[in-house]
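Trainee: Here it is, the structure, as structure tokens.
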Amino acid sequence: MTKKNILSIVVALALVAALAVGATLAFFSDEDTATNTFTMGKVDIDLKESDDGGETWTDDGLTFEKLVPGDTTPKMAKVTVAEDSNDCYIAMTVALECNDYDAETGKGFTDEEKSMLMTAVKNAIDADKWTVVPQNDGSLLCIYKEASVAEAEVVLFEEITLPLGDKFVFGNNLAEEEFSLVLNAYAVQADNMEELMEGESGEVSPENFDWYTNMINATPATPAPDSEA
């Protein structure tokens, strides 16, 4: 075997050895993954009523019987913010449902009596804590002036005094007649909403709340013209 052939064999063996070794080598490497989880908060409220001064509460509505003009009846309505809720702005609507006055039967509620009833409701609401805006349909939009935190209890009213009237108002036309106050409570997040919801006074204003009441299909927050209710 010539020196040239021997050299060729050695070179070939060296290449084979290099390939064999190279096949077993690997670069040092590593990897890691970080998963960012974002959990959205929520706004959660509960509306309940009581007719015994707050001893018991129900969300099924209350029934009052044999009332007469001038009676003061305990009727508490409050909104509770859930313990796991985000801070929120609260509003409530109060609407009157009753029979209209029928001249033929002489029964039912006149427009004046309806207005007096809603004025009695408005007078029962703490004006220091709520902004009350009478609506064109006779209902009330009640806006709590501050943001409410988790577990807050926001009371709308504690008792209502029925108007006394006279023999032509709240008279026999209302004997055995029924009326209902329909309450609805609403809430919207408070965080990042200050500029949109609060006016210059730092309180929630009806004008700024208007977009929200429309969104939830509640009565728009437009005051009734020349309303004194």
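Note on naming: chains are A, B, ... as they come in the structure tokens, residues start from 1 per chain, ligands start from 1 in the order shown.
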Compile a residue-level contact table for range 20-101 of chain A against range 153-161 of chain A at a cut-off of 7 Å, reporting for every qualifying residue the shortest atom pair and its distance in Å to one decimal, with only C-alpha atoms counted, rows ordered by chain and ascending number, as a tab-separated table.

Mentor:
```
residue	atom	partner	partner_atom	distance
A:Gly70	CA	A:Thr161	CA	6.2
A:Asp71	CA	A:Thr161	CA	5.6
A:Thr72	CA	A:Thr161	CA	4.0
A:Thr73	CA	A:Ile160	CA	5.6
A:Pro74	CA	A:Glu159	CA	4.2
A:Lys75	CA	A:Glu159	CA	4.6
A:Met76	CA	A:Glu158	CA	4.0
A:Ala77	CA	A:Leu156	CA	5.5
A:Lys78	CA	A:Val155	CA	4.1
A:Val79	CA	A:Val154	CA	5.1
A:Thr80	CA	A:Glu153	CA	4.5
A:Val81	CA	A:Glu153	CA	6.6
```

Trainee: Store the residues picked out above in a file with N, CA, C and O atoms, as a PDB file, in the first residue's frame.

Mentor:
```pdb
ATOM      1  N   GLY A  70    -102.859  59.442  55.037  1.00  0.00           N
ATOM      2  CA  GLY A  70    -102.208  59.933  56.241  1.00  0.00           C
ATOM      3  C   GLY A  70    -101.395  58.890  56.968  1.00  0.00           C
ATOM      4  O   GLY A  70    -100.597  59.224  57.852  1.00  0.00           O
ATOM      5  N   ASP A  71    -101.559  57.603  56.594  1.00  0.00           N
ATOM      6  CA  ASP A  71    -100.778  56.546  57.244  1.00  0.00           C
ATOM      7  C   ASP A  71     -99.291  56.689  56.906  1.00  0.00           C
ATOM      8  O   ASP A  71     -98.916  57.049  55.786  1.00  0.00           O
ATOM      9  N   THR A  72     -98.467  56.386  57.892  1.00  0.00           N
ATOM     10  CA  THR A  72     -97.034  56.238  57.656  1.00  0.00           C
ATOM     11  C   THR A  72     -96.703  54.763  57.772  1.00  0.00           C
ATOM     12  O   THR A  72     -96.944  54.143  58.804  1.00  0.00           O
ATOM     13  N   THR A  73     -96.212  54.202  56.702  1.00  0.00           N
ATOM     14  CA  THR A  73     -95.935  52.769  56.691  1.00  0.00           C
ATOM     15  C   THR A  73     -94.438  52.518  56.566  1.00  0.00           C
ATOM     16  O   THR A  73     -93.759  53.164  55.770  1.00  0.00           O
ATOM     17  N   PRO A  74     -93.906  51.618  57.416  1.00  0.00           N
ATOM     18  CA  PRO A  74     -92.478  51.302  57.287  1.00  0.00           C
ATOM     19  C   PRO A  74     -92.219  50.551  55.986  1.00  0.00           C
ATOM     20  O   PRO A  74     -92.828  49.512  55.727  1.00  0.00           O
ATOM     21  N   LYS A  75     -91.379  51.107  55.168  1.00  0.00           N
ATOM     22  CA  LYS A  75     -91.022  50.460  53.907  1.00  0.00           C
ATOM     23  C   LYS A  75     -89.575  50.827  53.618  1.00  0.00           C
ATOM     24  O   LYS A  75     -89.273  51.951  53.199  1.00  0.00           O
ATOM     25  N   MET A  76     -88.683  49.883  53.882  1.00  0.00           N
ATOM     26  CA  MET A  76     -87.263  50.119  53.653  1.00  0.00           C
ATOM     27  C   MET A  76     -86.846  49.466  52.345  1.00  0.00           C
ATOM     28  O   MET A  76     -87.241  48.338  52.057  1.00  0.00           O
ATOM     29  N   ALA A  77     -86.081  50.199  51.583  1.00  0.00           N
ATOM     30  CA  ALA A  77     -85.524  49.658  50.342  1.00  0.00           C
ATOM     31  C   ALA A  77     -84.033  49.953  50.331  1.00  0.00           C
ATOM     32  O   ALA A  77     -83.618  51.095  50.532  1.00  0.00           O
ATOM     33  N   LYS A  78     -83.229  48.930  50.130  1.00  0.00           N
ATOM     34  CA  LYS A  78     -81.783  49.140  50.129  1.00  0.00           C
ATOM     35  C   LYS A  78     -81.117  48.298  49.050  1.00  0.00           C
ATOM     36  O   LYS A  78     -81.599  47.229  48.666  1.00  0.00           O
ATOM     37  N   VAL A  79     -79.994  48.808  48.580  1.00  0.00           N
ATOM     38  CA  VAL A  79     -79.153  48.094  47.630  1.00  0.00           C
ATOM     39  C   VAL A  79     -77.869  47.710  48.350  1.00  0.00           C
ATOM     40  O   VAL A  79     -77.225  48.553  48.986  1.00  0.00           O
ATOM     41  N   THR A  80     -77.507  46.443  48.290  1.00  0.00           N
ATOM     42  CA  THR A  80     -76.272  45.957  48.900  1.00  0.00           C
ATOM     43  C   THR A  80     -75.288  45.584  47.794  1.00  0.00           C
ATOM     44  O   THR A  80     -75.641  44.879  46.850  1.00  0.00           O
ATOM     45  N   VAL A  81     -74.063  46.074  47.922  1.00  0.00           N
ATOM     46  CA  VAL A  81     -73.009  45.730  46.977  1.00  0.00           C
ATOM     47  C   VAL A  81     -72.338  44.447  47.460  1.00  0.00           C
ATOM     48  O   VAL A  81     -71.975  44.333  48.631  1.00  0.00           O
TER      49      VAL A  81
END
```

Trainee: At a cut-off of 10 Å, using only C-alpha atoms, what residues contact Leu162 in chain A? Leave out same-chain residues fewer than 5 positions from it and give the result as a VMD selection string.

Mentor: chain A and resid 67 to 73 116 to 121 170

Trainee: Those same residues, written as an mmCIF file, in the first residue's frame with all heavy atoms?

Mentor:
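What ended up in part06.cif:
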```cif
data_model
loop_
_atom_site.group_PDB
_atom_site.id
_atom_site.type_symbol
_atom_site.label_atom_id
_atom_site.label_comp_id
_atom_site.auth_asym_id
_atom_site.auth_seq_id
_atom_site.Cartn_x
_atom_site.Cartn_y
_atom_site.Cartn_z
ATOM 1 N N LEU A 67 -104.608 50.367 54.128
ATOM 2 C CA LEU A 67 -104.015 51.677 54.360
ATOM 3 C C LEU A 67 -105.062 52.768 54.162
ATOM 4 O O LEU A 67 -105.993 52.622 53.371
ATOM 5 C CB LEU A 67 -102.852 51.912 53.400
ATOM 6 C CG LEU A 67 -101.670 50.939 53.499
ATOM 7 C CD1 LEU A 67 -100.639 51.261 52.427
ATOM 8 C CD2 LEU A 67 -101.040 51.005 54.889
ATOM 9 N N VAL A 68 -104.907 53.849 54.871
ATOM 10 C CA VAL A 68 -105.788 55.004 54.710
ATOM 11 C C VAL A 68 -104.920 56.242 54.536
ATOM 12 O O VAL A 68 -103.743 56.262 54.945
ATOM 13 C CB VAL A 68 -106.725 55.181 55.928
ATOM 14 C CG1 VAL A 68 -107.656 53.997 56.063
ATOM 15 C CG2 VAL A 68 -105.924 55.388 57.211
ATOM 16 N N PRO A 69 -105.460 57.286 53.906
ATOM 17 C CA PRO A 69 -104.690 58.508 53.725
ATOM 18 C C PRO A 69 -104.126 59.020 55.054
ATOM 19 O O PRO A 69 -104.808 58.992 56.085
ATOM 20 C CB PRO A 69 -105.711 59.483 53.145
ATOM 21 C CG PRO A 69 -106.679 58.601 52.423
ATOM 22 C CD PRO A 69 -106.794 57.378 53.273
ATOM 23 N N GLY A 70 -102.859 59.442 55.037
ATOM 24 C CA GLY A 70 -102.208 59.933 56.241
ATOM 25 C C GLY A 70 -101.395 58.890 56.968
ATOM 26 O O GLY A 70 -100.597 59.224 57.852
ATOM 27 N N ASP A 71 -101.559 57.603 56.594
ATOM 28 C CA ASP A 71 -100.778 56.546 57.244
ATOM 29 C C ASP A 71 -99.291 56.689 56.906
ATOM 30 O O ASP A 71 -98.916 57.049 55.786
ATOM 31 C CB ASP A 71 -101.246 55.164 56.772
ATOM 32 C CG ASP A 71 -102.430 54.645 57.566
ATOM 33 O OD1 ASP A 71 -102.801 55.294 58.562
ATOM 34 O OD2 ASP A 71 -102.988 53.594 57.174
ATOM 35 N N THR A 72 -98.467 56.386 57.892
ATOM 36 C CA THR A 72 -97.034 56.238 57.656
ATOM 37 C C THR A 72 -96.703 54.763 57.772
ATOM 38 O O THR A 72 -96.944 54.143 58.804
ATOM 39 C CB THR A 72 -96.210 57.041 58.686
ATOM 40 O OG1 THR A 72 -96.479 58.430 58.514
ATOM 41 C CG2 THR A 72 -94.720 56.789 58.484
ATOM 42 N N THR A 73 -96.212 54.202 56.702
ATOM 43 C CA THR A 73 -95.935 52.769 56.691
ATOM 44 C C THR A 73 -94.438 52.518 56.566
ATOM 45 O O THR A 73 -93.759 53.164 55.770
ATOM 46 C CB THR A 73 -96.684 52.071 55.534
ATOM 47 O OG1 THR A 73 -96.394 50.676 55.540
ATOM 48 C CG2 THR A 73 -96.273 52.647 54.195
ATOM 49 N N MET A 116 -99.295 63.349 43.860
ATOM 50 C CA MET A 116 -99.120 63.472 45.306
ATOM 51 C C MET A 116 -98.455 62.225 45.891
ATOM 52 O O MET A 116 -97.627 62.326 46.804
ATOM 53 C CB MET A 116 -100.471 63.734 45.976
ATOM 54 C CG MET A 116 -101.059 65.109 45.681
ATOM 55 S SD MET A 116 -102.685 65.374 46.439
ATOM 56 C CE MET A 116 -102.236 65.402 48.175
ATOM 57 N N LEU A 117 -98.792 61.065 45.352
ATOM 58 C CA LEU A 117 -98.158 59.834 45.823
ATOM 59 C C LEU A 117 -96.656 59.856 45.529
ATOM 60 O O LEU A 117 -95.835 59.528 46.395
ATOM 61 C CB LEU A 117 -98.786 58.619 45.155
ATOM 62 C CG LEU A 117 -100.025 58.010 45.817
ATOM 63 C CD1 LEU A 117 -100.576 56.876 44.956
ATOM 64 C CD2 LEU A 117 -99.695 57.499 47.209
ATOM 65 N N MET A 118 -96.291 60.261 44.325
ATOM 66 C CA MET A 118 -94.885 60.283 43.966
ATOM 67 C C MET A 118 -94.135 61.380 44.722
ATOM 68 O O MET A 118 -92.938 61.230 45.018
ATOM 69 C CB MET A 118 -94.722 60.454 42.455
ATOM 70 C CG MET A 118 -95.256 59.276 41.655
ATOM 71 S SD MET A 118 -94.612 57.661 42.224
ATOM 72 C CE MET A 118 -92.898 57.776 41.718
ATOM 73 N N THR A 119 -94.825 62.457 45.054
ATOM 74 C CA THR A 119 -94.204 63.483 45.885
ATOM 75 C C THR A 119 -93.921 62.927 47.279
ATOM 76 O O THR A 119 -92.880 63.214 47.881
ATOM 77 C CB THR A 119 -95.107 64.723 45.986
ATOM 78 O OG1 THR A 119 -95.273 65.290 44.684
ATOM 79 C CG2 THR A 119 -94.504 65.774 46.910
ATOM 80 N N ALA A 120 -94.842 62.101 47.776
ATOM 81 C CA ALA A 120 -94.635 61.467 49.083
ATOM 82 C C ALA A 120 -93.419 60.543 49.040
ATOM 83 O O ALA A 120 -92.633 60.485 49.990
ATOM 84 C CB ALA A 120 -95.884 60.691 49.489
ATOM 85 N N VAL A 121 -93.260 59.825 47.939
ATOM 86 C CA VAL A 121 -92.084 58.960 47.784
ATOM 87 C C VAL A 121 -90.819 59.807 47.733
ATOM 88 O O VAL A 121 -89.824 59.508 48.395
ATOM 89 C CB VAL A 121 -92.209 58.103 46.507
ATOM 90 C CG1 VAL A 121 -90.914 57.322 46.272
ATOM 91 C CG2 VAL A 121 -93.386 57.146 46.617
ATOM 92 N N PHE A 170 -107.920 61.800 47.377
ATOM 93 C CA PHE A 170 -107.792 60.615 48.229
ATOM 94 C C PHE A 170 -109.103 60.376 48.985
ATOM 95 O O PHE A 170 -109.129 60.189 50.196
ATOM 96 C CB PHE A 170 -106.614 60.748 49.197
ATOM 97 C CG PHE A 170 -105.283 60.574 48.526
ATOM 98 C CD1 PHE A 170 -104.640 61.656 47.947
ATOM 99 C CD2 PHE A 170 -104.694 59.334 48.424
ATOM 100 C CE1 PHE A 170 -103.432 61.509 47.298
ATOM 101 C CE2 PHE A 170 -103.477 59.171 47.773
ATOM 102 C CZ PHE A 170 -102.841 60.266 47.204
#
```

Trainee: One number please: CA of Ala185 in chain A to CA of Ile125 in chain A, in Å, one decimal.

Mentor: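 Separation between CA of Ala185 in chain A and CA of Ile125 in chain A: 14.7 Å.
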
Trainee: Can you write out as a tab-separated table which residues of range 57-105 of chain A fall within 12 Å of range 37-47 of chain A, alongside each residue's closest atom pair and its distance in Å to one decimal, counting only C-alpha atoms and ordering rows by chain and ascending residue number?

Mentor:
```
residue	atom	partner	partner_atom	distance
A:Trp57	CA	A:Leu47	CA	9.6
A:Thr58	CA	A:Leu47	CA	8.6
A:Asp59	CA	A:Leu47	CA	6.4
A:Asp60	CA	A:Leu47	CA	9.7
A:Gly61	CA	A:Leu47	CA	10.0
A:Met76	CA	A:Leu47	CA	10.6
A:Ala77	CA	A:Leu47	CA	7.3
A:Lys78	CA	A:Leu47	CA	5.9
A:Val79	CA	A:Leu47	CA	4.6
A:Thr80	CA	A:Asp46	CA	5.2
A:Val81	CA	A:Ile45	CA	4.5
A:Ala82	CA	A:Asp44	CA	5.5
A:Glu83	CA	A:Asp44	CA	8.6
A:Asp84	CA	A:Asp44	CA	7.8
A:Ser85	CA	A:Val43	CA	5.0
A:Asn86	CA	A:Val43	CA	5.4
A:Asp87	CA	A:Val43	CA	7.3
A:Cys88	CA	A:Val43	CA	6.7
A:Tyr89	CA	A:Val43	CA	9.5
A:Ile90	CA	A:Ile45	CA	8.9
A:Ala91	CA	A:Ile45	CA	11.0
A:Met92	CA	A:Leu47	CA	9.7
A:Thr93	CA	A:Leu47	CA	11.8
```

Trainee: Can I get the selected residues back with N, CA and C atoms, as an mmCIF file, in the first residue's frame?

Mentor:
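Result written to part-v3.cif:
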```cif
data_model
loop_
_atom_site.group_PDB
_atom_site.id
_atom_site.type_symbol
_atom_site.label_atom_id
_atom_site.label_comp_id
_atom_site.auth_asym_id
_atom_site.auth_seq_id
_atom_site.Cartn_x
_atom_site.Cartn_y
_atom_site.Cartn_z
ATOM 1 N N TRP A 57 -85.717 40.864 55.524
ATOM 2 C CA TRP A 57 -85.616 41.454 54.193
ATOM 3 C C TRP A 57 -86.089 40.456 53.152
ATOM 4 N N THR A 58 -86.637 40.982 52.070
ATOM 5 C CA THR A 58 -87.108 40.132 50.990
ATOM 6 C C THR A 58 -86.794 40.784 49.652
ATOM 7 N N ASP A 59 -86.639 39.962 48.630
ATOM 8 C CA ASP A 59 -86.486 40.491 47.279
ATOM 9 C C ASP A 59 -87.704 40.143 46.425
ATOM 10 N N ASP A 60 -88.796 39.728 47.096
ATOM 11 C CA ASP A 60 -90.015 39.347 46.397
ATOM 12 C C ASP A 60 -91.077 40.433 46.400
ATOM 13 N N GLY A 61 -90.767 41.609 46.936
ATOM 14 C CA GLY A 61 -91.767 42.656 47.021
ATOM 15 C C GLY A 61 -92.575 42.550 48.289
ATOM 16 N N MET A 76 -88.683 49.883 53.882
ATOM 17 C CA MET A 76 -87.263 50.119 53.653
ATOM 18 C C MET A 76 -86.846 49.466 52.345
ATOM 19 N N ALA A 77 -86.081 50.199 51.583
ATOM 20 C CA ALA A 77 -85.524 49.658 50.342
ATOM 21 C C ALA A 77 -84.033 49.953 50.331
ATOM 22 N N LYS A 78 -83.229 48.930 50.130
ATOM 23 C CA LYS A 78 -81.783 49.140 50.129
ATOM 24 C C LYS A 78 -81.117 48.298 49.050
ATOM 25 N N VAL A 79 -79.994 48.808 48.580
ATOM 26 C CA VAL A 79 -79.153 48.094 47.630
ATOM 27 C C VAL A 79 -77.869 47.710 48.350
ATOM 28 N N THR A 80 -77.507 46.443 48.290
ATOM 29 C CA THR A 80 -76.272 45.957 48.900
ATOM 30 C C THR A 80 -75.288 45.584 47.794
ATOM 31 N N VAL A 81 -74.063 46.074 47.922
ATOM 32 C CA VAL A 81 -73.009 45.730 46.977
ATOM 33 C C VAL A 81 -72.338 44.447 47.460
ATOM 34 N N ALA A 82 -72.197 43.474 46.587
ATOM 35 C CA ALA A 82 -71.620 42.178 46.958
ATOM 36 C C ALA A 82 -70.179 42.338 47.436
ATOM 37 N N GLU A 83 -69.752 41.415 48.282
ATOM 38 C CA GLU A 83 -68.415 41.500 48.874
ATOM 39 C C GLU A 83 -67.305 41.335 47.854
ATOM 40 N N ASP A 84 -67.597 40.712 46.717
ATOM 41 C CA ASP A 84 -66.582 40.528 45.687
ATOM 42 C C ASP A 84 -66.812 41.436 44.485
ATOM 43 N N SER A 85 -67.612 42.472 44.690
ATOM 44 C CA SER A 85 -67.910 43.390 43.603
ATOM 45 C C SER A 85 -66.883 44.515 43.535
ATOM 46 N N ASN A 86 -66.680 45.029 42.346
ATOM 47 C CA ASN A 86 -65.909 46.251 42.196
ATOM 48 C C ASN A 86 -66.736 47.434 42.700
ATOM 49 N N ASP A 87 -66.073 48.544 42.975
ATOM 50 C CA ASP A 87 -66.785 49.761 43.349
ATOM 51 C C ASP A 87 -67.725 50.149 42.206
ATOM 52 N N CYS A 88 -68.854 50.769 42.562
ATOM 53 C CA CYS A 88 -69.837 51.076 41.531
ATOM 54 C C CYS A 88 -70.668 52.301 41.878
ATOM 55 N N TYR A 89 -71.236 52.883 40.848
ATOM 56 C CA TYR A 89 -72.237 53.930 41.013
ATOM 57 C C TYR A 89 -73.608 53.269 40.972
ATOM 58 N N ILE A 90 -74.515 53.738 41.827
ATOM 59 C CA ILE A 90 -75.832 53.108 41.955
ATOM 60 C C ILE A 90 -76.925 54.113 41.603
ATOM 61 N N ALA A 91 -77.922 53.619 40.902
ATOM 62 C CA ALA A 91 -79.120 54.405 40.620
ATOM 63 C C ALA A 91 -80.337 53.515 40.796
ATOM 64 N N MET A 92 -81.476 54.143 41.117
ATOM 65 C CA MET A 92 -82.722 53.408 41.234
ATOM 66 C C MET A 92 -83.829 54.178 40.530
ATOM 67 N N THR A 93 -84.779 53.439 40.013
ATOM 68 C CA THR A 93 -85.984 54.058 39.476
ATOM 69 C C THR A 93 -87.179 53.605 40.314
#
```

Trainee: What is the distance between CA of Val149 in chain A and CA of Leu62 in chain A, in Å to one decimal?

Mentor: 27.2 Å

Trainee: Hey, can you check how far CA of Asp126 in chain A sits from CA of Thr110 in chain A?

Mentor: 26.9 Å
